[in-house]
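Student: For reference, the file target.tsv (TSV, C-alpha atoms) is included below:
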```
chain	number	residue	atom	x	y	z
A	16	MET	CA	-12.48	0.20	5.70
A	17	SER	CA	-11.01	0.74	2.24
A	18	GLU	CA	-8.90	-1.75	0.39
A	19	PHE	CA	-5.95	0.50	1.12
A	20	GLU	CA	-6.40	0.14	4.86
A	21	LYS	CA	-7.76	-3.31	5.46
A	22	ASP	CA	-4.39	-5.02	5.48
A	23	GLU	CA	-3.05	-2.84	8.29
A	24	GLY	CA	-1.84	-5.61	10.53
A	25	ASP	CA	-0.30	-6.06	13.91
A	26	VAL	CA	3.41	-6.61	13.48
A	27	GLU	CA	4.14	-6.48	17.20
A	28	ASN	CA	3.18	-10.07	18.01
A	29	LEU	CA	4.69	-11.89	15.09
A	30	SER	CA	6.76	-15.02	15.50
A	31	PRO	CA	10.41	-14.74	14.44
A	32	ARG	CA	9.58	-16.84	11.38
A	33	GLU	CA	6.75	-14.53	10.31
A	34	GLU	CA	8.98	-11.50	10.79
A	35	ILE	CA	11.57	-13.01	8.49
A	36	GLU	CA	8.91	-14.04	5.96
A	37	MET	CA	7.77	-10.44	5.76
A	38	LEU	CA	11.28	-9.21	5.03
A	39	LEU	CA	12.12	-11.80	2.34
A	40	PRO	CA	10.95	-9.72	-0.67
A	41	TRP	CA	13.34	-6.91	0.24
A	42	TYR	CA	16.08	-9.39	1.07
A	43	ALA	CA	15.67	-10.78	-2.48
A	44	THR	CA	15.94	-7.32	-4.06
A	45	GLY	CA	18.85	-6.26	-1.85
A	46	ARG	CA	16.88	-3.34	-0.39
A	47	LEU	CA	16.99	-4.24	3.32
A	48	ASP	CA	19.11	-2.23	5.68
A	49	GLU	CA	22.28	-3.92	6.86
A	50	SER	CA	21.00	-5.17	10.22
A	51	ASP	CA	17.79	-6.68	8.79
A	52	ALA	CA	19.69	-8.25	5.89
A	53	LYS	CA	22.06	-9.85	8.39
A	54	ARG	CA	19.14	-11.09	10.50
A	55	VAL	CA	17.46	-12.69	7.47
A	56	ALA	CA	20.72	-14.28	6.29
A	57	GLN	CA	21.32	-15.79	9.72
A	58	TYR	CA	17.77	-17.13	9.89
A	59	LEU	CA	18.08	-18.69	6.45
A	60	GLU	CA	21.29	-20.37	7.46
A	61	ALA	CA	19.74	-21.78	10.62
A	62	HIS	CA	16.45	-22.78	8.94
A	63	PRO	CA	17.15	-24.34	5.53
A	64	ASP	CA	13.42	-24.94	4.97
A	65	MET	CA	13.01	-21.14	4.62
A	66	ALA	CA	14.96	-21.33	1.35
A	67	ALA	CA	11.78	-22.61	-0.30
A	68	GLN	CA	10.04	-19.38	0.71
A	69	LEU	CA	12.86	-17.35	-0.78
A	70	ALA	CA	12.55	-19.36	-4.00
A	71	LEU	CA	8.84	-18.42	-4.18
A	72	VAL	CA	9.73	-14.77	-3.74
A	73	ARG	CA	12.26	-14.99	-6.57
A	74	GLU	CA	9.67	-16.62	-8.86
A	75	GLU	CA	7.28	-13.76	-8.17
A	76	MET	CA	10.04	-11.22	-8.72
A	77	ASP	CA	10.98	-12.73	-12.11
A	78	VAL	CA	7.38	-12.66	-13.32
A	79	SER	CA	6.84	-9.13	-12.03
A	80	ILE	CA	9.91	-7.85	-13.88
A	81	THR	CA	9.07	-9.74	-17.09
A	82	GLU	CA	5.51	-8.43	-17.08
A	83	ALA	CA	6.58	-4.85	-16.47
A	84	GLU	CA	9.13	-5.01	-19.28
A	85	LYS	CA	6.34	-5.99	-21.69
A	86	LEU	CA	4.52	-2.74	-21.07
A	87	GLY	CA	6.60	-0.73	-23.53
A	88	SER	CA	7.27	2.99	-23.37
A	89	PRO	CA	5.48	6.24	-24.12
A	90	HIS	CA	5.31	6.96	-27.87
A	91	ALA	CA	8.13	8.85	-29.58
A	92	GLY	CA	6.42	12.24	-29.67
A	93	HIS	CA	5.60	12.16	-25.99
A	94	LEU	CA	8.52	14.27	-24.85
A	95	GLY	CA	7.81	16.87	-27.53
A	96	GLU	CA	4.24	17.21	-26.26
A	97	LEU	CA	5.52	17.59	-22.72
A	98	MET	CA	8.03	20.28	-23.66
A	99	ARG	CA	5.38	22.21	-25.60
A	100	SER	CA	3.14	22.10	-22.54
A	101	ILE	CA	6.01	23.28	-20.36
A	102	GLU	CA	6.89	26.10	-22.73
A	103	ALA	CA	3.25	27.22	-22.82
A	104	ASP	CA	3.06	26.99	-19.04
A	105	HIS	CA	6.34	28.87	-18.73
A	106	ALA	CA	5.14	31.60	-21.08
A	107	ASN	CA	1.85	32.02	-19.23
A	108	TRP	CA	3.60	32.10	-15.89
A	109	SER	CA	6.40	34.41	-17.01
A	110	ASN	CA	3.85	36.85	-18.37
A	111	SER	CA	2.26	37.25	-14.97
A	112	ALA	CA	3.96	39.59	-12.53
A	113	THR	CA	3.55	37.09	-9.73
A	114	GLY	CA	5.17	34.35	-11.80
A	115	ILE	CA	8.27	36.40	-12.52
A	116	PHE	CA	8.77	37.36	-8.90
A	117	GLU	CA	8.16	33.87	-7.57
A	118	LYS	CA	10.64	32.27	-9.96
A	119	ILE	CA	13.28	34.88	-9.19
A	120	ALA	CA	12.76	34.41	-5.49
A	121	VAL	CA	13.42	30.69	-5.87
A	122	TRP	CA	16.48	31.40	-8.00
A	123	LEU	CA	17.96	33.94	-5.62
A	124	GLY	CA	17.92	32.02	-2.44
A	125	GLN	CA	15.27	29.35	-2.13
A	126	LEU	CA	13.12	31.92	-0.38
A	127	GLN	CA	9.53	31.01	0.26
A	128	PRO	CA	7.88	33.08	-2.47
A	129	ARG	CA	4.59	33.56	-0.72
A	130	GLN	CA	6.38	34.82	2.36
A	131	LEU	CA	7.98	37.66	0.46
A	132	GLY	CA	6.71	41.05	1.46
A	133	PHE	CA	6.18	43.97	-0.86
A	134	ALA	CA	9.62	45.44	-0.07
A	135	ALA	CA	11.38	42.23	-1.09
A	136	MET	CA	9.38	42.14	-4.32
A	137	ALA	CA	10.47	45.68	-5.11
A	138	ALA	CA	14.15	44.82	-4.48
A	139	ILE	CA	13.94	41.85	-6.80
A	140	ALA	CA	12.31	43.95	-9.49
A	141	LEU	CA	15.30	46.31	-9.35
A	142	ILE	CA	17.73	43.43	-9.87
A	143	VAL	CA	15.76	42.33	-12.94
A	144	VAL	CA	16.02	45.80	-14.43
A	145	GLN	CA	19.79	45.84	-13.81
A	146	GLY	CA	20.19	42.43	-15.40
A	147	ILE	CA	18.30	43.42	-18.52
A	148	THR	CA	20.28	46.65	-18.77
A	149	ILE	CA	23.63	44.85	-18.54
A	150	GLY	CA	22.45	42.32	-21.09
A	151	GLY	CA	21.49	45.12	-23.46
A	152	LEU	CA	24.90	46.78	-23.14
A	153	MET	CA	26.72	43.51	-23.85
A	154	ARG	CA	24.62	42.90	-26.92
A	155	GLY	CA	25.27	46.46	-28.11
A	156	GLY	CA	29.05	46.10	-27.68
A	157	GLY	CA	29.12	43.33	-30.22
A	158	GLU	CA	32.13	41.62	-28.66
A	159	VAL	CA	30.38	39.23	-26.34
A	160	PRO	CA	28.61	36.53	-28.31
A	161	GLY	CA	26.27	35.33	-25.56
A	162	TYR	CA	24.90	36.81	-22.38
A	163	GLU	CA	22.68	36.04	-19.47
A	164	THR	CA	20.18	38.23	-17.75
A	165	ALA	CA	20.12	38.20	-13.99
A	166	SER	CA	16.76	36.52	-14.08
A	167	GLY	CA	18.02	33.02	-14.67
A	168	PRO	CA	20.54	30.60	-16.08
A	169	GLY	CA	20.93	29.34	-19.59
A	170	GLY	CA	21.62	32.51	-21.51
A	171	ILE	CA	20.49	33.04	-25.05
A	172	THR	CA	21.95	31.03	-27.88
A	173	GLN	CA	22.78	33.10	-30.91
A	174	ALA	CA	21.50	31.93	-34.25
A	175	GLY	CA	24.15	30.27	-36.38
A	176	GLY	CA	26.02	28.63	-33.50
A	177	THR	CA	27.43	25.16	-34.01
A	178	LYS	CA	25.12	22.29	-33.13
A	179	LEU	CA	26.21	18.79	-32.14
A	180	LEU	CA	24.46	15.47	-31.60
A	181	ILE	CA	25.47	13.82	-28.34
A	182	VAL	CA	24.67	10.61	-26.50
A	183	PHE	CA	25.67	10.77	-22.87
A	184	ASN	CA	27.19	7.79	-21.14
A	185	PRO	CA	24.34	6.31	-19.05
A	186	GLU	CA	26.75	6.13	-16.11
A	187	ALA	CA	27.64	9.83	-16.35
A	188	ARG	CA	26.75	11.97	-13.37
A	189	ALA	CA	24.45	14.93	-14.03
A	190	ALA	CA	26.94	17.25	-12.33
A	191	ASP	CA	29.75	16.09	-14.66
A	192	ILE	CA	27.54	16.58	-17.72
A	193	GLU	CA	26.70	20.08	-16.58
A	194	LYS	CA	30.36	20.85	-15.96
A	195	LEU	CA	31.40	19.58	-19.38
A	196	LEU	CA	28.66	21.60	-21.08
A	197	GLY	CA	29.92	24.65	-19.19
A	198	GLU	CA	33.48	23.99	-20.38
A	199	ILE	CA	32.45	23.97	-24.03
A	200	ASN	CA	29.92	26.78	-23.57
A	201	GLY	CA	27.18	24.41	-24.70
A	202	SER	CA	23.58	23.87	-23.77
A	203	ILE	CA	21.03	21.17	-24.51
A	204	VAL	CA	18.45	22.42	-27.00
A	205	SER	CA	16.50	19.22	-27.58
A	206	GLY	CA	16.37	15.54	-26.72
A	207	PRO	CA	16.50	12.87	-25.70
A	208	LYS	CA	15.45	11.50	-29.07
A	209	ALA	CA	15.24	7.81	-30.00
A	210	GLY	CA	18.56	6.26	-29.08
A	211	GLY	CA	19.21	8.81	-26.34
A	212	TYR	CA	20.45	11.59	-28.66
A	213	TYR	CA	20.59	15.16	-27.39
A	214	GLN	CA	21.16	18.20	-29.61
A	215	ILE	CA	23.71	20.57	-28.10
A	216	ALA	CA	24.23	24.18	-29.19
A	217	ILE	CA	27.62	25.82	-28.74
A	218	LYS	CA	26.97	29.38	-27.74
A	219	ASP	CA	30.14	30.88	-29.27
A	220	MET	CA	30.53	32.11	-32.83
A	221	PRO	CA	30.03	29.33	-35.41
A	222	LEU	CA	33.06	27.03	-35.44
A	223	SER	CA	34.99	26.22	-38.60
A	224	GLY	CA	35.01	22.64	-39.86
A	225	ALA	CA	38.45	22.00	-38.38
A	226	GLN	CA	37.48	23.55	-35.03
A	227	THR	CA	34.34	21.41	-34.90
A	228	GLU	CA	36.38	18.28	-35.62
A	229	THR	CA	38.80	19.19	-32.83
A	230	LEU	CA	35.91	19.73	-30.44
A	231	LEU	CA	34.27	16.44	-31.42
A	232	LYS	CA	37.57	14.61	-30.93
A	233	ALA	CA	37.94	16.12	-27.48
A	234	LEU	CA	34.36	15.19	-26.57
A	235	LYS	CA	34.79	11.62	-27.80
A	236	SER	CA	37.84	11.26	-25.56
A	237	ARG	CA	35.58	11.91	-22.54
A	238	LYS	CA	34.15	8.38	-22.59
A	239	ASP	CA	33.13	8.67	-18.96
A	240	ILE	CA	30.58	11.30	-19.99
A	241	ILE	CA	30.04	11.03	-23.77
A	242	SER	CA	29.36	7.80	-25.64
A	243	PHE	CA	28.64	9.41	-29.05
A	244	ALA	CA	29.32	12.83	-30.60
A	245	ALA	CA	28.75	14.09	-34.16
A	246	ARG	CA	27.81	17.24	-36.06
A	247	SER	CA	24.10	18.02	-36.17
A	248	GLY	CA	22.05	19.90	-38.70
A	249	ASN	CA	19.79	22.70	-37.51
B	29	MET	CA	20.49	7.56	-10.49
B	30	ALA	CA	22.05	8.68	-7.26
B	31	PHE	CA	20.03	10.66	-4.77
B	32	GLY	CA	22.28	13.73	-5.08
B	33	GLU	CA	22.05	13.88	-8.85
B	34	ASP	CA	18.25	13.75	-8.81
B	35	VAL	CA	18.28	16.54	-6.23
B	36	ASP	CA	20.54	18.52	-8.55
B	37	LEU	CA	18.11	18.07	-11.46
B	38	LEU	CA	15.15	19.13	-9.29
B	39	ASN	CA	17.05	22.23	-8.19
B	40	ARG	CA	17.75	23.11	-11.81
B	41	ILE	CA	14.09	22.59	-12.73
B	42	ALA	CA	13.15	24.91	-9.86
B	43	ARG	CA	15.30	27.50	-11.65
B	44	ASN	CA	13.38	27.03	-14.93
B	45	ASP	CA	16.05	24.88	-16.58
B	46	GLU	CA	14.11	23.02	-19.27
B	47	SER	CA	17.11	20.87	-20.20
B	48	ALA	CA	16.97	19.43	-16.67
B	49	VAL	CA	13.35	18.39	-17.36
B	50	ARG	CA	14.56	16.57	-20.46
B	51	MET	CA	17.23	14.77	-18.47
B	52	LEU	CA	14.85	13.83	-15.67
B	53	TYR	CA	12.37	12.66	-18.30
B	54	GLY	CA	15.07	10.46	-19.85
B	55	ARG	CA	15.71	8.91	-16.46
B	56	TYR	CA	12.14	8.34	-15.33
B	57	ASN	CA	9.61	8.34	-18.18
B	58	VAL	CA	9.59	4.61	-18.90
B	59	ARG	CA	9.43	3.59	-15.25
B	60	LEU	CA	6.67	6.08	-14.48
B	61	TYR	CA	4.68	5.16	-17.59
B	62	ARG	CA	4.79	1.47	-16.70
B	63	PHE	CA	3.93	2.16	-13.07
B	64	ILE	CA	0.90	4.23	-14.10
B	65	LEU	CA	-0.17	1.89	-16.93
B	66	ARG	CA	-0.37	-1.08	-14.59
B	67	ARG	CA	-2.80	0.89	-12.48
B	68	VAL	CA	-4.98	2.64	-15.06
B	69	ARG	CA	-4.73	-0.11	-17.72
B	70	ASN	CA	-5.09	2.24	-20.63
B	71	GLU	CA	-2.09	3.34	-22.69
B	72	ALA	CA	-3.44	6.75	-23.74
B	73	VAL	CA	-4.46	7.59	-20.18
B	74	ALA	CA	-1.08	6.39	-18.88
B	75	GLU	CA	0.76	8.65	-21.33
B	76	GLU	CA	-1.38	11.61	-20.38
B	77	LEU	CA	-0.84	11.00	-16.67
B	78	THR	CA	2.91	10.55	-17.20
B	79	ASN	CA	3.03	14.00	-18.78
B	80	GLU	CA	0.97	15.39	-15.93
B	81	VAL	CA	3.53	14.01	-13.48
B	82	PHE	CA	6.34	15.87	-15.27
B	83	MET	CA	4.22	19.03	-15.44
B	84	GLU	CA	3.73	18.83	-11.70
B	85	ILE	CA	7.47	18.34	-11.20
B	86	TRP	CA	8.08	21.39	-13.42
B	87	ARG	CA	5.67	23.51	-11.40
B	88	ASN	CA	6.58	22.25	-7.93
B	89	ALA	CA	10.25	21.27	-8.02
B	90	SER	CA	11.03	24.14	-5.64
B	91	LYS	CA	8.73	22.54	-3.08
B	92	PHE	CA	10.79	19.34	-2.88
B	93	GLU	CA	12.14	19.45	0.66
B	94	GLY	CA	14.20	16.28	0.79
B	95	ARG	CA	12.04	14.57	3.39
B	96	SER	CA	11.90	11.58	1.05
B	97	SER	CA	14.20	10.61	-1.81
B	98	PRO	CA	13.59	12.46	-5.11
B	99	SER	CA	12.57	9.14	-6.66
B	100	SER	CA	9.98	8.53	-3.93
B	101	TRP	CA	8.68	12.09	-4.30
B	102	ILE	CA	8.27	11.59	-8.06
B	103	PHE	CA	6.62	8.18	-7.71
B	104	ALA	CA	4.30	9.55	-5.03
B	105	ILE	CA	3.06	12.13	-7.56
B	106	ALA	CA	2.41	9.28	-10.03
B	107	HIS	CA	0.68	7.23	-7.33
B	108	ASN	CA	-1.61	10.11	-6.38
B	109	LYS	CA	-2.48	10.92	-9.98
B	110	SER	CA	-3.31	7.27	-10.66
B	111	ILE	CA	-5.50	7.05	-7.55
B	112	SER	CA	-7.34	10.25	-8.53
B	113	MET	CA	-7.93	8.94	-12.03
B	114	LEU	CA	-9.24	5.59	-10.77
B	115	ARG	CA	-11.57	7.32	-8.28
B	116	LYS	CA	-12.84	9.65	-11.01
B	117	ARG	CA	-13.53	6.70	-13.27
B	118	ARG	CA	-15.43	4.90	-10.53
B	119	GLU	CA	-17.46	8.01	-9.72
B	120	GLU	CA	-18.33	8.52	-13.36
B	121	GLY	CA	-19.03	4.84	-13.93
B	122	LEU	CA	-16.40	4.69	-16.67
B	123	ASP	CA	-14.30	1.95	-15.17
B	124	ASP	CA	-15.34	-0.74	-17.63
B	125	GLY	CA	-15.33	1.56	-20.63
B	126	LEU	CA	-11.78	2.70	-20.23
B	127	ALA	CA	-10.22	-0.43	-18.88
B	128	VAL	CA	-8.21	-2.16	-21.53
B	129	LYS	CA	-6.68	-5.50	-20.84
B	130	ILE	CA	-2.93	-5.35	-21.18
B	131	GLU	CA	-1.88	-7.55	-24.04
B	132	ASP	CA	-1.40	-11.14	-23.11
B	133	THR	CA	1.61	-11.92	-25.25
B	134	ASP	CA	1.62	-15.60	-24.22
B	135	ASP	CA	-1.92	-16.18	-25.24
B	136	THR	CA	-1.32	-17.69	-28.67
B	137	PRO	CA	-2.72	-21.03	-29.83
B	138	GLU	CA	0.72	-22.58	-29.53
B	139	VAL	CA	1.21	-21.73	-25.93
B	140	SER	CA	-2.35	-21.66	-24.65
B	141	ALA	CA	-2.12	-25.34	-23.91
B	142	GLN	CA	0.85	-24.62	-21.67
B	143	LYS	CA	-0.98	-22.18	-19.47
B	144	VAL	CA	-0.42	-24.40	-16.53
B	145	ASP	CA	3.19	-23.23	-16.45
B	146	LYS	CA	4.10	-21.60	-13.19
B	147	ALA	CA	5.12	-18.20	-14.54
B	148	GLY	CA	1.85	-17.89	-16.45
B	149	ALA	CA	-0.09	-18.88	-13.35
B	150	ILE	CA	1.71	-16.27	-11.25
B	151	ARG	CA	1.04	-13.62	-13.89
B	152	ARG	CA	-2.67	-14.42	-14.06
B	153	ALA	CA	-2.89	-14.45	-10.28
B	154	MET	CA	-1.19	-11.04	-10.13
B	155	ASP	CA	-3.84	-9.66	-12.48
B	156	LYS	CA	-6.52	-10.78	-10.03
B	157	LEU	CA	-4.99	-8.99	-7.04
B	158	THR	CA	-6.45	-5.72	-5.79
B	159	ASP	CA	-4.89	-2.53	-7.13
B	160	ALA	CA	-3.20	-1.87	-3.80
B	161	HIS	CA	-1.67	-5.34	-3.61
B	162	ARG	CA	-0.50	-5.30	-7.22
B	163	GLU	CA	1.01	-1.87	-6.70
B	164	VAL	CA	3.07	-2.87	-3.67
B	165	ILE	CA	4.33	-6.00	-5.44
B	166	GLU	CA	5.46	-3.96	-8.45
B	167	LEU	CA	7.08	-1.25	-6.35
B	168	VAL	CA	9.08	-3.86	-4.44
B	169	TYR	CA	9.97	-6.34	-7.18
B	170	TYR	CA	10.20	-4.27	-10.37
B	171	HIS	CA	11.01	-0.80	-9.07
B	172	GLU	CA	13.16	-2.25	-6.25
B	173	LYS	CA	11.85	0.19	-3.65
B	174	SER	CA	12.80	-0.21	-0.01
B	175	ILE	CA	10.22	-0.42	2.78
B	176	ARG	CA	10.76	3.26	3.59
B	177	GLU	CA	10.45	4.28	-0.08
B	178	VAL	CA	7.16	2.36	-0.56
B	179	SER	CA	5.91	4.01	2.62
B	180	ASP	CA	6.76	7.47	1.22
B	181	ILE	CA	5.23	6.76	-2.18
B	182	VAL	CA	1.96	5.17	-1.09
B	183	GLY	CA	1.54	7.21	2.07
B	184	ILE	CA	1.22	4.35	4.56
B	185	SER	CA	3.32	3.33	7.55
B	186	GLN	CA	6.36	1.10	7.12
B	187	ASN	CA	4.64	-1.64	9.14
B	188	THR	CA	1.67	-1.45	6.79
B	189	VAL	CA	4.02	-1.75	3.83
B	190	LYS	CA	5.34	-5.00	5.27
B	191	THR	CA	1.93	-6.44	6.09
B	192	ARG	CA	0.46	-5.29	2.76
B	193	MET	CA	3.24	-7.04	0.87
B	194	PHE	CA	2.81	-10.12	3.02
B	195	HIS	CA	-0.94	-10.25	2.38
B	196	ALA	CA	-0.45	-9.55	-1.32
B	197	ARG	CA	1.89	-12.53	-1.60
B	198	LYS	CA	-0.45	-14.68	0.47
B	199	ASN	CA	-3.43	-13.77	-1.73
B	200	LEU	CA	-1.35	-14.51	-4.79
B	201	SER	CA	-0.65	-18.02	-3.56
B	202	GLU	CA	-4.28	-18.56	-2.59
B	203	ILE	CA	-5.50	-17.48	-6.04
B	204	MET	CA	-3.01	-19.89	-7.57
B	205	ARG	CA	-4.12	-22.69	-5.26
B	206	ASP	CA	-7.75	-22.09	-6.22
B	207	ALA	CA	-6.62	-22.37	-9.85
B	208	GLY	CA	-5.07	-25.76	-9.12
B	209	LEU	CA	-1.44	-24.86	-8.46
B	210	ASP	CA	-0.48	-25.27	-4.82
B	211	ARG	CA	2.81	-23.57	-4.04
B	212	GLY	CA	3.03	-25.08	-0.56
B	213	TRP	CA	2.59	-21.69	1.07
B	214	PRO	CA	0.84	-20.33	3.06
```
Show the structure stored in the file as structure tokens.

Tutor:
Amino acid sequence: MSEFEKDEGDVENLSPREEIEMLLPWYATGRLDESDAKRVAQYLEAHPDMAAQLALVREEMDVSITEAEKLGSPHAGHLGELMRSIEADHANWSNSATGIFEKIAVWLGQLQPRQLGFAAMAAIALIVVQGITIGGLMRGGGEVPGYETASGPGGITQAGGTKLLIVFNPEARAADIEKLLGEINGSIVSGPKAGGYYQIAIKDMPLSGAQTETLLKALKSRKDIISFAARSGN
Amino acid sequence: MAFGEDVDLLNRIARNDESAVRMLYGRYNVRLYRFILRRVRNEAVAEELTNEVFMEIWRNASKFEGRSSPSSWIFAIAHNKSISMLRKRREEGLDDGLAVKIEDTDDTPEVSAQKVDKAGAIRRAMDKLTDAHREVIELVYYHEKSIREVSDIVGISQNTVKTRMFHARKNLSEIMRDAGLDRGWP
């Protein structure tokens, strides 16, 4: 029996005290469901000697947290390495016909890619061609500064667009961040850097100094989502 | 982070949204790194495995089916990668060569005489636990995982989670008692 199995125990014939003892760690972290938490609280009230057990659990918890906090974090360039690996992986995958079709299938409707038949693959290929064609026309017209192909979100940021440095409020919801970025036609181009900074590109034409200041002022007023906003170099 | 927001990030990653990877990384990288480091005990290996976890999320986000919480799904990837690495080390006989003792920040001349303090004794006892026992203690106390979440991450039944935690705590106290500090339990 491996070390991962040997402590499989019988929890059917436990005494009430042993049952409560087993639940104490989760009672201490507040991660018991409501009925179990109530059961433990009632037992503790009726059996004051069990408080000593809870005190032992809290000692262990304090040490465990303190020790984990000492372990530090990945080094500063870690995220950059990850993103380079992802970009390389993305490029390799995108260059294979199978990769393109599988990603599009996921994007279009959470279809099971490997269940797609040849006919479905052909239909998706047609949509890609249409998307690229529309994108080409928009670019040719010169009036639409950014565009998206039908193959995925994100669009293409034009060179020369305004870039900002942003720190999001840690309490901000991902959906609210996404909505705000949509409102300002912005997208995250890098980050988080030390201090939680993200570089945001505004996909419109480059903004004037006054326009950028107005935008920054508006962003700073959204304290529920943004805790810092400033201009960023390229 | 709320369940729904993690699901949203995974959905965006499934659609090739690299900025969602960055956001998920910001949320999880430190916790995952520490979780892995405590198991593999080597900083460079822990960093490499942390990146591998995010690569796997990038490649397989579309396969997340919501049968467990996103957090449990992510930690389960880290758990499995750590287990594979430890097995590989054992098979290759590299366990001792790679294992690096995590810095004992209390172990200075000034405080060495105070090593009888309770916190230090608990810490040293934790280091002597088996990998499986140390893992469950950290998932419960530091990562604040519920019984169901530990079950999903480690791949054992919820009853086993409870008994494993119980035995881990019991062993901890016994190690401390053998070292001369009786906690009065078990």

Student: B:Glu119, B:Arg95, B:Asn57, B:Val68: which is nearest Val81 in chain B, counting only C-alpha atoms?

Tutor: B:Asn57

Student: Between CA of Ala106 in chain B and CA of Ile192 in chain A, what is the distance in Å, rounded to a tenth?

Tutor: 27.3 Å

Student: For a quick check of understanding, using only C-alpha atoms, which of A:Val182, A:Leu234, A:Leu29, A:Met76 has the smallest distance to Tyr169 in chain B?

Tutor: A:Met76

Student: Point out the residue among A:Gly224, A:Gly201, A:Pro63, A:Pro89 with the least atom-to-atom distance to chain B, counting only C-alpha atoms.

Tutor: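 Checking each of A:Gly224, A:Gly201, A:Pro63, A:Pro89 against chain B, counting only C-alpha atoms, the winner is A:Pro89.
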
Student: Between A:Arg32, A:His62, A:His105, A:Lys178, which has the minimum distance to chain B (counting all atoms listed in the file)?

Tutor: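 Smallest distance to chain B is found for A:His105.
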
Student: For chain A, which of B:Ser112, B:Asn88, B:Asn70, B:Thr191 is the closest residue, counting all atoms listed in the file?

Tutor: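 Closest candidate: B:Thr191.
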
Student: Could you check the closest approach to chain B for each of A:Ala61, A:Ala225, A:Ile80, A:Ala233 and tell me which residue wins, using all atoms listed in the file?

Tutor: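 Counting all atoms listed in the file, the residue closest to chain B is A:Ile80.
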
Student: Quick one: everything within 12 Å of Asp155 in chain B, counting only C-alpha atoms, minus sequence neighbours fewer than 5 positions away in the same chain. Send it as a list in words.

Tutor: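 Once the adjacent positions are removed, what remains is Val78, Ser79 and Glu82 of chain A; Arg66, Arg67, Arg69, Lys129, Ile130, Glu131, Asp132, Gly148, Ala149, Ile150, Ala160, His161, Arg162, Glu163, Ile165, Glu166, Ala196, Asn199, Leu200, Ile203 and Met204 of chain B.
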